[in-house]
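Let me begin by presenting the structure, written as structure tokens, before commenting on it.
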Amino acid sequence: SGPEARRIAVLYFEDLSKDHSLGPLADGLTEGLIRSLSGASSFTVISSAGAGRFRGSSLSPDSIARALRAGYLVRGELEPDGDQVRVSLRLDDASGVRLQSASVTHPVANILAMRDTLSLAAADLIRQQLGEQFHLQQQRAAASNSDAWLLLQRGLHARKEMERAIAAGDSAATDLAYHGADSILAAAAARDPKWPDPETQRASLAYRRSRPPTRDPALVRKWVTQGMTRATAALTIDAENADALEVRGNLQYWSWLSNLENDPSKKAALIAAAKTDLEKATTINRNGRLIAAHTVEFI
């Protein structure tokens, strides 16, 4: 099927810096924009997973639009400008023709302001073109520290290196990338102790390590235990955090499935706790208090 007029894809922004040092920032701004564009009626915004399939792709914009069935594409480029970063933003139609454009420049030291300004600029481009009035989705439990936010993006970037090492079957590189990502996320948590996302991502990282190709029960137990500790830390900050509830539920279910608990009553309690956490996470997502990772829709 062809592009749908009320379907928008935010493609991953390009890093135009000579040393590619703006990659984590580009990813973070892209994903933040996808999350925030959630206020207009009858629109669907492609998830970051969907847009991520075309990160760095040589396909033409119209080919990407067809593949995603998107009527419009939001595209962006980042480049350094002295001690500032400039983001060039554009709205294209499904054929790749530029319809609207804007530019946002902010000091590197004020990344959170850039994130928020960028969301407003993108919303304005869409509003100008489509005539839709809408409010940006407010991000609950957002970061209050620019350094912490940028560290989180760098941690997520390092996690992608770990995933590539896992796919290549390189255990040494996997361990190195894991410890690098976890250290960066720990630094983010220290910079902003009231923000649950760094500990949630650390829990998710440990959960990933507990999964295949890991087969040693002792290692599975080690990673599950670490993940549970970090998920609990996130939920201590925000007991209604759906992402933290989801990862804790997944860790409990994986622990049950891996037979880490032999006592029948404790094993039953484990699967019951997993069910409770996962159902609560789903309920929070459904109520619109947090945007589900797999789909973002305008409401």
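Residues are named by chain letter and number: chains run A, B, ... in the order of the structure tokens, numbers start at 1 in each chain, and ligands are numbered from 1 in the order shown.
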Requested in this report: Extract, using only C-alpha atoms, all DNA, RNA and protein residues at most 8 Å from segment 149-154 of chain A, discarding same-chain residues fewer than 2 positions from it, and format them as a PyMOL selection string.
Outcome: chain A and resi 24-25+27-28+111-112+143+145-147+156-158+181+184-185+187-188+198
Report task. Quick one: everything within 10 Å of segment 215-222 of chain A, counting only C-alpha atoms, minus sequence neighbours fewer than 5 positions away in the same chain. Send it as a VMD selection string. Result -> chain A and resid 206 to 207 209 to 210 227 254 to 255 258 to 261
Given the selection you just returned, output its residues as a file containing all heavy atoms, formatted as a compact mmCIF listing (two decimals), in the first residue's frame.
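See again.txt below for the written result:
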```txt
# COMPACT_ATOMS: atom_id res chain seq x y z
N ALA A 206 21.25 -4.91 31.73
CA ALA A 206 21.52 -6.17 32.43
C ALA A 206 20.59 -7.27 31.95
O ALA A 206 21.00 -8.43 31.80
CB ALA A 206 21.38 -5.96 33.93
N TYR A 207 19.33 -6.91 31.71
CA TYR A 207 18.37 -7.90 31.19
C TYR A 207 18.84 -8.44 29.84
O TYR A 207 18.80 -9.66 29.60
CB TYR A 207 17.00 -7.25 31.05
CG TYR A 207 15.97 -8.11 30.34
CD1 TYR A 207 15.63 -9.38 30.83
CD2 TYR A 207 15.34 -7.66 29.18
CE1 TYR A 207 14.68 -10.17 30.18
CE2 TYR A 207 14.40 -8.44 28.53
CZ TYR A 207 14.07 -9.69 29.02
OH TYR A 207 13.14 -10.46 28.38
N ARG A 209 21.90 -8.69 28.81
CA ARG A 209 23.03 -9.58 29.04
C ARG A 209 22.59 -10.95 29.56
O ARG A 209 23.28 -11.95 29.35
CB ARG A 209 24.02 -8.96 30.04
CG ARG A 209 24.84 -7.80 29.52
CD ARG A 209 25.63 -8.08 28.27
NE ARG A 209 26.46 -9.26 28.32
CZ ARG A 209 27.70 -9.30 28.78
NH1 ARG A 209 28.26 -8.21 29.27
NH2 ARG A 209 28.40 -10.42 28.75
N SER A 210 21.47 -10.99 30.25
CA SER A 210 21.00 -12.27 30.80
C SER A 210 20.39 -13.17 29.74
O SER A 210 20.21 -14.37 29.97
CB SER A 210 19.96 -12.00 31.90
OG SER A 210 18.72 -11.61 31.35
N GLY A 227 20.03 -6.53 37.25
CA GLY A 227 18.90 -5.85 36.62
C GLY A 227 17.79 -5.53 37.60
O GLY A 227 17.23 -4.43 37.59
N TRP A 254 11.81 -13.86 33.11
CA TRP A 254 12.98 -14.57 32.60
C TRP A 254 13.61 -15.43 33.70
O TRP A 254 14.07 -16.54 33.45
CB TRP A 254 13.98 -13.58 32.03
CG TRP A 254 15.23 -14.18 31.45
CD1 TRP A 254 16.50 -13.86 31.77
CD2 TRP A 254 15.32 -15.18 30.43
NE1 TRP A 254 17.39 -14.60 31.03
CE2 TRP A 254 16.69 -15.42 30.19
CE3 TRP A 254 14.39 -15.89 29.69
CZ2 TRP A 254 17.14 -16.34 29.26
CZ3 TRP A 254 14.84 -16.81 28.75
CH2 TRP A 254 16.19 -17.03 28.54
N SER A 255 13.61 -14.91 34.91
CA SER A 255 14.11 -15.67 36.06
C SER A 255 13.27 -16.93 36.27
O SER A 255 13.80 -18.02 36.50
CB SER A 255 14.08 -14.79 37.32
OG SER A 255 14.55 -15.51 38.44
N SER A 258 13.89 -19.38 33.42
CA SER A 258 15.23 -19.96 33.48
C SER A 258 15.41 -20.87 34.69
O SER A 258 16.51 -21.38 34.92
CB SER A 258 16.28 -18.84 33.54
OG SER A 258 16.21 -18.02 32.41
N ASN A 259 14.32 -21.05 35.47
CA ASN A 259 14.36 -21.93 36.65
C ASN A 259 15.43 -21.50 37.66
O ASN A 259 16.11 -22.34 38.25
CB ASN A 259 14.59 -23.39 36.23
CG ASN A 259 13.42 -23.94 35.44
OD1 ASN A 259 12.27 -23.83 35.85
ND2 ASN A 259 13.72 -24.53 34.28
N LEU A 260 15.56 -20.18 37.84
CA LEU A 260 16.53 -19.70 38.83
C LEU A 260 16.01 -19.90 40.26
O LEU A 260 16.79 -19.87 41.21
CB LEU A 260 16.83 -18.22 38.60
CG LEU A 260 17.47 -17.85 37.25
CD1 LEU A 260 17.85 -16.38 37.24
CD2 LEU A 260 18.70 -18.72 36.97
N GLU A 261 14.71 -20.10 40.39
CA GLU A 261 14.11 -20.34 41.69
C GLU A 261 13.51 -21.74 41.69
O GLU A 261 12.65 -22.06 40.87
CB GLU A 261 13.02 -19.30 41.98
CG GLU A 261 12.39 -19.43 43.35
CD GLU A 261 13.42 -19.36 44.47
OE1 GLU A 261 13.99 -18.28 44.68
OE2 GLU A 261 13.65 -20.42 45.12
```
Query - Residue set, segment 63-276 of chain A restricted to strand (DSSP E or B), as a ChimeraX atom specification - result: /A:70-81,84-93,98-107
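Atom CA of Gln201 of chain A lies 13.1 Å from atom CA of His179 of chain A.
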DSSP-assigned helix (DSSP H, G or I) members of segment 71-177 of chain A, reported as a short mmCIF file (atom, residue, chain, number, x, y, z; two decimals) with all heavy atoms, in the first residue's frame:
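That gives us out.cif:
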```cif
data_model
loop_
_atom_site.label_atom_id
_atom_site.label_comp_id
_atom_site.auth_asym_id
_atom_site.auth_seq_id
_atom_site.Cartn_x
_atom_site.Cartn_y
_atom_site.Cartn_z
N VAL A 108 25.93 24.07 23.47
CA VAL A 108 26.07 22.67 23.86
C VAL A 108 25.71 22.49 25.33
O VAL A 108 25.18 21.45 25.73
CB VAL A 108 27.50 22.17 23.59
CG1 VAL A 108 27.69 20.74 24.09
CG2 VAL A 108 27.82 22.25 22.10
N ALA A 109 25.96 23.52 26.12
CA ALA A 109 25.70 23.42 27.57
C ALA A 109 24.21 23.46 27.90
O ALA A 109 23.84 23.23 29.04
CB ALA A 109 26.40 24.56 28.30
N ASN A 110 23.36 23.73 26.91
CA ASN A 110 21.92 23.83 27.18
C ASN A 110 21.14 22.91 26.24
O ASN A 110 20.26 23.34 25.51
CB ASN A 110 21.46 25.28 27.01
CG ASN A 110 20.15 25.55 27.72
OD1 ASN A 110 19.56 24.65 28.32
ND2 ASN A 110 19.68 26.78 27.65
N ILE A 111 21.50 21.62 26.31
CA ILE A 111 20.91 20.64 25.40
C ILE A 111 19.42 20.45 25.64
O ILE A 111 18.64 20.26 24.70
CB ILE A 111 21.65 19.28 25.54
CG1 ILE A 111 23.10 19.43 25.05
CG2 ILE A 111 20.94 18.19 24.78
CD1 ILE A 111 23.23 19.84 23.61
N LEU A 112 18.98 20.51 26.89
CA LEU A 112 17.55 20.29 27.17
C LEU A 112 16.70 21.39 26.55
O LEU A 112 15.60 21.12 26.04
CB LEU A 112 17.31 20.23 28.68
CG LEU A 112 17.94 19.04 29.41
CD1 LEU A 112 17.58 19.06 30.89
CD2 LEU A 112 17.51 17.72 28.78
N ALA A 113 17.21 22.62 26.57
CA ALA A 113 16.49 23.70 25.92
C ALA A 113 16.42 23.46 24.41
O ALA A 113 15.40 23.72 23.78
CB ALA A 113 17.17 25.04 26.21
N MET A 114 17.51 22.93 23.84
CA MET A 114 17.50 22.61 22.42
C MET A 114 16.45 21.55 22.11
O MET A 114 15.69 21.67 21.14
CB MET A 114 18.87 22.10 21.96
CG MET A 114 18.86 21.52 20.55
SD MET A 114 20.48 20.97 20.00
CE MET A 114 21.18 22.54 19.51
N ARG A 115 16.38 20.51 22.95
CA ARG A 115 15.39 19.45 22.74
C ARG A 115 13.98 20.01 22.71
O ARG A 115 13.18 19.69 21.82
CB ARG A 115 15.52 18.41 23.85
CG ARG A 115 14.57 17.24 23.74
CD ARG A 115 14.48 16.50 25.06
NE ARG A 115 13.93 17.37 26.10
CZ ARG A 115 13.84 17.02 27.38
NH1 ARG A 115 14.30 15.86 27.79
NH2 ARG A 115 13.32 17.86 28.26
N ASP A 116 13.67 20.87 23.68
CA ASP A 116 12.33 21.43 23.76
C ASP A 116 12.04 22.39 22.62
O ASP A 116 10.94 22.38 22.05
CB ASP A 116 12.15 22.14 25.11
CG ASP A 116 12.24 21.18 26.29
OD1 ASP A 116 12.09 19.96 26.07
OD2 ASP A 116 12.49 21.65 27.41
N THR A 117 13.03 23.23 22.27
CA THR A 117 12.85 24.16 21.15
C THR A 117 12.66 23.42 19.84
O THR A 117 11.86 23.81 18.99
CB THR A 117 14.07 25.10 21.05
OG1 THR A 117 14.23 25.79 22.28
CG2 THR A 117 13.89 26.12 19.94
N LEU A 118 13.40 22.33 19.68
CA LEU A 118 13.30 21.53 18.47
C LEU A 118 11.90 20.94 18.32
O LEU A 118 11.33 20.92 17.22
CB LEU A 118 14.34 20.41 18.50
CG LEU A 118 14.51 19.60 17.22
CD1 LEU A 118 15.06 20.47 16.10
CD2 LEU A 118 15.46 18.42 17.46
N SER A 119 11.34 20.45 19.42
CA SER A 119 9.99 19.90 19.37
C SER A 119 8.98 20.97 18.95
O SER A 119 8.09 20.72 18.13
CB SER A 119 9.60 19.34 20.75
OG SER A 119 10.41 18.22 21.08
N LEU A 120 9.13 22.17 19.49
CA LEU A 120 8.23 23.26 19.13
C LEU A 120 8.39 23.64 17.65
O LEU A 120 7.40 23.90 16.96
CB LEU A 120 8.51 24.48 20.01
CG LEU A 120 8.13 24.33 21.49
CD1 LEU A 120 8.68 25.51 22.29
CD2 LEU A 120 6.62 24.23 21.66
N ALA A 121 9.64 23.65 17.17
CA ALA A 121 9.89 23.99 15.77
C ALA A 121 9.27 22.96 14.83
O ALA A 121 8.65 23.31 13.82
CB ALA A 121 11.39 24.10 15.51
N ALA A 122 9.42 21.68 15.16
CA ALA A 122 8.84 20.62 14.33
C ALA A 122 7.32 20.70 14.34
O ALA A 122 6.67 20.54 13.29
CB ALA A 122 9.31 19.25 14.83
N ALA A 123 6.76 20.94 15.52
CA ALA A 123 5.31 21.06 15.62
C ALA A 123 4.80 22.22 14.77
O ALA A 123 3.75 22.13 14.12
CB ALA A 123 4.90 21.26 17.08
N ASP A 124 5.58 23.31 14.74
CA ASP A 124 5.17 24.47 13.96
C ASP A 124 5.23 24.17 12.47
O ASP A 124 4.36 24.60 11.70
CB ASP A 124 6.09 25.65 14.30
CG ASP A 124 5.53 26.96 13.76
OD1 ASP A 124 4.35 27.25 14.03
OD2 ASP A 124 6.27 27.68 13.07
N LEU A 125 6.25 23.41 12.02
CA LEU A 125 6.32 23.03 10.61
C LEU A 125 5.09 22.23 10.20
O LEU A 125 4.49 22.46 9.14
CB LEU A 125 7.58 22.20 10.34
CG LEU A 125 8.94 22.87 10.49
CD1 LEU A 125 10.04 21.91 10.07
CD2 LEU A 125 9.02 24.15 9.68
N ILE A 126 4.73 21.26 11.04
CA ILE A 126 3.56 20.42 10.74
C ILE A 126 2.29 21.26 10.76
O ILE A 126 1.41 21.11 9.90
CB ILE A 126 3.49 19.26 11.75
CG1 ILE A 126 4.72 18.35 11.60
CG2 ILE A 126 2.21 18.46 11.56
CD1 ILE A 126 4.87 17.34 12.73
N ARG A 127 2.20 22.16 11.73
CA ARG A 127 1.02 23.00 11.85
C ARG A 127 0.86 23.90 10.63
O ARG A 127 -0.23 24.05 10.08
CB ARG A 127 1.12 23.85 13.12
CG ARG A 127 -0.12 24.67 13.44
CD ARG A 127 0.09 25.51 14.69
NE ARG A 127 0.28 24.67 15.85
CZ ARG A 127 1.41 24.60 16.55
NH1 ARG A 127 2.46 25.31 16.19
NH2 ARG A 127 1.50 23.84 17.62
N GLN A 128 1.98 24.49 10.17
CA GLN A 128 1.94 25.37 9.00
C GLN A 128 1.47 24.61 7.76
O GLN A 128 0.69 25.11 6.95
CB GLN A 128 3.32 25.95 8.72
CG GLN A 128 3.80 26.99 9.71
CD GLN A 128 5.21 27.45 9.37
OE1 GLN A 128 5.52 27.72 8.21
NE2 GLN A 128 6.07 27.52 10.37
N GLN A 129 1.96 23.39 7.59
CA GLN A 129 1.66 22.64 6.39
C GLN A 129 0.27 22.01 6.43
O GLN A 129 -0.45 22.02 5.43
CB GLN A 129 2.71 21.53 6.20
CG GLN A 129 2.52 20.74 4.92
CD GLN A 129 2.65 21.61 3.67
OE1 GLN A 129 3.42 22.56 3.65
NE2 GLN A 129 1.89 21.29 2.63
N LEU A 130 -0.10 21.46 7.58
CA LEU A 130 -1.33 20.67 7.64
C LEU A 130 -2.49 21.38 8.32
O LEU A 130 -3.61 20.88 8.32
CB LEU A 130 -1.05 19.34 8.37
CG LEU A 130 0.13 18.53 7.81
CD1 LEU A 130 0.31 17.25 8.61
CD2 LEU A 130 -0.10 18.21 6.34
N SER A 146 21.17 18.79 31.88
CA SER A 146 21.60 18.59 30.49
C SER A 146 22.70 17.54 30.37
O SER A 146 22.71 16.74 29.44
CB SER A 146 22.07 19.91 29.88
OG SER A 146 21.01 20.81 29.74
N ASP A 147 23.65 17.58 31.31
CA ASP A 147 24.75 16.61 31.26
C ASP A 147 24.22 15.18 31.40
O ASP A 147 24.68 14.26 30.72
CB ASP A 147 25.75 16.90 32.38
CG ASP A 147 26.55 18.16 32.13
OD1 ASP A 147 26.57 18.62 30.97
OD2 ASP A 147 27.15 18.68 33.08
N ALA A 148 23.25 15.00 32.31
CA ALA A 148 22.68 13.66 32.52
C ALA A 148 21.97 13.19 31.26
O ALA A 148 22.10 12.03 30.86
CB ALA A 148 21.71 13.68 33.70
N TRP A 149 21.22 14.08 30.63
CA TRP A 149 20.49 13.71 29.41
C TRP A 149 21.46 13.29 28.30
O TRP A 149 21.25 12.27 27.63
CB TRP A 149 19.63 14.88 28.95
CG TRP A 149 18.73 14.54 27.80
CD1 TRP A 149 17.49 13.97 27.85
CD2 TRP A 149 19.03 14.72 26.40
NE1 TRP A 149 16.98 13.80 26.58
CE2 TRP A 149 17.91 14.25 25.67
CE3 TRP A 149 20.11 15.24 25.71
CZ2 TRP A 149 17.86 14.29 24.28
CZ3 TRP A 149 20.06 15.27 24.32
CH2 TRP A 149 18.94 14.81 23.62
N LEU A 150 22.52 14.06 28.13
CA LEU A 150 23.48 13.74 27.08
C LEU A 150 24.24 12.46 27.40
O LEU A 150 24.51 11.64 26.51
CB LEU A 150 24.45 14.90 26.88
CG LEU A 150 25.40 14.81 25.69
CD1 LEU A 150 24.63 14.56 24.40
CD2 LEU A 150 26.22 16.08 25.57
N LEU A 151 24.56 12.25 28.67
CA LEU A 151 25.21 10.99 29.07
C LEU A 151 24.31 9.80 28.77
O LEU A 151 24.79 8.74 28.33
CB LEU A 151 25.55 11.02 30.56
CG LEU A 151 26.81 11.84 30.94
CD1 LEU A 151 26.84 12.07 32.45
CD2 LEU A 151 28.08 11.11 30.48
N LEU A 152 23.01 9.95 29.00
CA LEU A 152 22.09 8.85 28.69
C LEU A 152 22.13 8.52 27.20
O LEU A 152 22.16 7.34 26.81
CB LEU A 152 20.67 9.21 29.11
CG LEU A 152 19.63 8.11 28.86
CD1 LEU A 152 19.76 7.00 29.90
CD2 LEU A 152 18.22 8.65 28.86
N GLN A 153 22.14 9.54 26.36
CA GLN A 153 22.21 9.30 24.91
C GLN A 153 23.51 8.58 24.55
O GLN A 153 23.51 7.68 23.70
CB GLN A 153 22.09 10.62 24.12
CG GLN A 153 20.95 11.53 24.53
CD GLN A 153 19.64 10.81 24.75
OE1 GLN A 153 19.24 9.96 23.95
NE2 GLN A 153 18.94 11.16 25.83
N ARG A 154 24.59 8.96 25.21
CA ARG A 154 25.88 8.29 24.93
C ARG A 154 25.85 6.84 25.41
O ARG A 154 26.41 5.95 24.77
CB ARG A 154 27.01 9.06 25.60
CG ARG A 154 27.29 10.40 24.94
CD ARG A 154 28.32 11.22 25.71
NE ARG A 154 28.63 12.47 25.02
CZ ARG A 154 29.19 13.52 25.59
NH1 ARG A 154 29.54 13.47 26.87
NH2 ARG A 154 29.43 14.61 24.90
N GLY A 155 25.18 6.61 26.54
CA GLY A 155 25.03 5.24 27.03
C GLY A 155 24.23 4.38 26.07
O GLY A 155 24.59 3.21 25.81
N LEU A 156 23.15 4.93 25.53
CA LEU A 156 22.34 4.19 24.56
C LEU A 156 23.13 3.94 23.28
O LEU A 156 22.98 2.89 22.64
CB LEU A 156 21.05 4.96 24.27
CG LEU A 156 20.10 5.13 25.44
CD1 LEU A 156 18.89 5.98 25.05
CD2 LEU A 156 19.64 3.77 25.97
N HIS A 157 23.96 4.90 22.91
CA HIS A 157 24.81 4.74 21.73
C HIS A 157 25.80 3.59 21.97
O HIS A 157 26.04 2.75 21.09
CB HIS A 157 25.55 6.04 21.46
CG HIS A 157 26.18 6.13 20.12
ND1 HIS A 157 25.45 6.36 18.96
CD2 HIS A 157 27.47 6.02 19.72
CE1 HIS A 157 26.27 6.38 17.93
NE2 HIS A 157 27.50 6.18 18.35
N ALA A 158 26.37 3.54 23.18
CA ALA A 158 27.30 2.46 23.52
C ALA A 158 26.59 1.11 23.55
O ALA A 158 27.19 0.08 23.22
CB ALA A 158 27.96 2.74 24.86
N ARG A 159 25.33 1.10 23.95
CA ARG A 159 24.58 -0.15 23.94
C ARG A 159 24.47 -0.72 22.52
O ARG A 159 24.51 -1.94 22.33
CB ARG A 159 23.18 0.05 24.53
CG ARG A 159 22.34 -1.22 24.44
CD ARG A 159 21.01 -1.12 25.14
NE ARG A 159 20.26 -2.36 24.95
CZ ARG A 159 19.31 -2.78 25.76
NH1 ARG A 159 18.97 -2.07 26.82
NH2 ARG A 159 18.67 -3.90 25.51
N LYS A 160 24.33 0.16 21.55
CA LYS A 160 24.25 -0.31 20.17
C LYS A 160 25.55 -0.99 19.75
O LYS A 160 25.52 -1.96 18.98
CB LYS A 160 23.93 0.86 19.24
CG LYS A 160 22.50 1.40 19.44
CD LYS A 160 22.29 2.72 18.75
CE LYS A 160 20.93 3.30 19.10
NZ LYS A 160 20.76 4.68 18.61
N GLU A 161 26.67 -0.50 20.28
CA GLU A 161 27.94 -1.18 20.03
C GLU A 161 27.92 -2.58 20.63
O GLU A 161 28.43 -3.54 20.04
CB GLU A 161 29.08 -0.36 20.63
CG GLU A 161 29.32 1.00 19.98
CD GLU A 161 29.84 0.86 18.56
OE1 GLU A 161 30.52 -0.16 18.27
OE2 GLU A 161 29.58 1.75 17.73
N MET A 162 27.33 -2.70 21.82
CA MET A 162 27.23 -4.01 22.46
C MET A 162 26.37 -4.97 21.63
O MET A 162 26.71 -6.14 21.45
CB MET A 162 26.63 -3.86 23.86
CG MET A 162 26.58 -5.17 24.65
SD MET A 162 25.62 -5.03 26.19
CE MET A 162 23.93 -5.17 25.54
N GLU A 163 25.28 -4.46 21.09
CA GLU A 163 24.40 -5.30 20.28
C GLU A 163 25.12 -5.80 19.03
O GLU A 163 24.96 -6.95 18.62
CB GLU A 163 23.13 -4.53 19.89
CG GLU A 163 22.22 -4.19 21.05
CD GLU A 163 21.55 -5.41 21.68
OE1 GLU A 163 21.65 -6.51 21.11
OE2 GLU A 163 20.94 -5.25 22.75
N ARG A 164 25.95 -4.93 18.45
CA ARG A 164 26.71 -5.36 17.27
C ARG A 164 27.73 -6.43 17.64
O ARG A 164 27.94 -7.38 16.88
CB ARG A 164 27.40 -4.14 16.62
CG ARG A 164 26.45 -3.26 15.83
CD ARG A 164 27.21 -2.23 15.01
NE ARG A 164 27.64 -1.11 15.84
CZ ARG A 164 26.92 -0.02 16.06
NH1 ARG A 164 25.72 0.10 15.54
NH2 ARG A 164 27.39 0.96 16.81
N ALA A 165 28.34 -6.29 18.82
CA ALA A 165 29.31 -7.29 19.28
C ALA A 165 28.62 -8.62 19.56
O ALA A 165 29.16 -9.69 19.24
CB ALA A 165 30.02 -6.79 20.53
N ILE A 166 27.42 -8.57 20.14
CA ILE A 166 26.66 -9.81 20.39
C ILE A 166 26.33 -10.50 19.07
O ILE A 166 26.50 -11.71 18.93
CB ILE A 166 25.37 -9.50 21.18
CG1 ILE A 166 25.70 -9.09 22.62
CG2 ILE A 166 24.44 -10.72 21.20
CD1 ILE A 166 24.51 -8.60 23.42
N ALA A 167 25.88 -9.70 18.10
CA ALA A 167 25.53 -10.26 16.79
C ALA A 167 26.73 -10.89 16.11
O ALA A 167 26.61 -11.89 15.38
CB ALA A 167 24.92 -9.18 15.90
N ALA A 168 27.92 -10.33 16.36
CA ALA A 168 29.15 -10.85 15.75
C ALA A 168 29.73 -12.02 16.53
O ALA A 168 30.71 -12.63 16.11
CB ALA A 168 30.19 -9.73 15.64
N SER A 171 32.59 -12.11 22.34
CA SER A 171 32.29 -11.99 23.77
C SER A 171 33.15 -10.93 24.44
O SER A 171 32.68 -10.22 25.35
CB SER A 171 32.46 -13.33 24.47
OG SER A 171 33.77 -13.83 24.30
N ALA A 172 34.41 -10.81 24.04
CA ALA A 172 35.29 -9.80 24.64
C ALA A 172 34.79 -8.39 24.34
O ALA A 172 34.74 -7.53 25.23
CB ALA A 172 36.72 -9.98 24.14
N ALA A 173 34.42 -8.16 23.09
CA ALA A 173 33.90 -6.85 22.70
C ALA A 173 32.55 -6.59 23.37
O ALA A 173 32.25 -5.44 23.73
CB ALA A 173 33.77 -6.76 21.18
N THR A 174 31.76 -7.64 23.55
CA THR A 174 30.47 -7.50 24.24
C THR A 174 30.68 -7.02 25.67
O THR A 174 30.01 -6.09 26.13
CB THR A 174 29.71 -8.83 24.24
OG1 THR A 174 29.40 -9.21 22.88
CG2 THR A 174 28.41 -8.72 25.03
N ASP A 175 31.61 -7.67 26.38
CA ASP A 175 31.89 -7.28 27.77
C ASP A 175 32.39 -5.84 27.84
O ASP A 175 31.97 -5.07 28.72
CB ASP A 175 32.94 -8.21 28.37
CG ASP A 175 32.39 -9.59 28.71
OD1 ASP A 175 31.15 -9.71 28.83
OD2 ASP A 175 33.19 -10.53 28.85
N LEU A 176 33.28 -5.48 26.94
CA LEU A 176 33.83 -4.13 26.94
C LEU A 176 32.75 -3.09 26.69
O LEU A 176 32.66 -2.07 27.39
CB LEU A 176 34.91 -4.03 25.86
CG LEU A 176 35.73 -2.73 25.84
CD1 LEU A 176 36.52 -2.57 27.13
CD2 LEU A 176 36.67 -2.72 24.63
N ALA A 177 31.89 -3.36 25.70
CA ALA A 177 30.83 -2.41 25.37
C ALA A 177 29.80 -2.33 26.49
O ALA A 177 29.29 -1.25 26.81
CB ALA A 177 30.15 -2.83 24.06
#
```
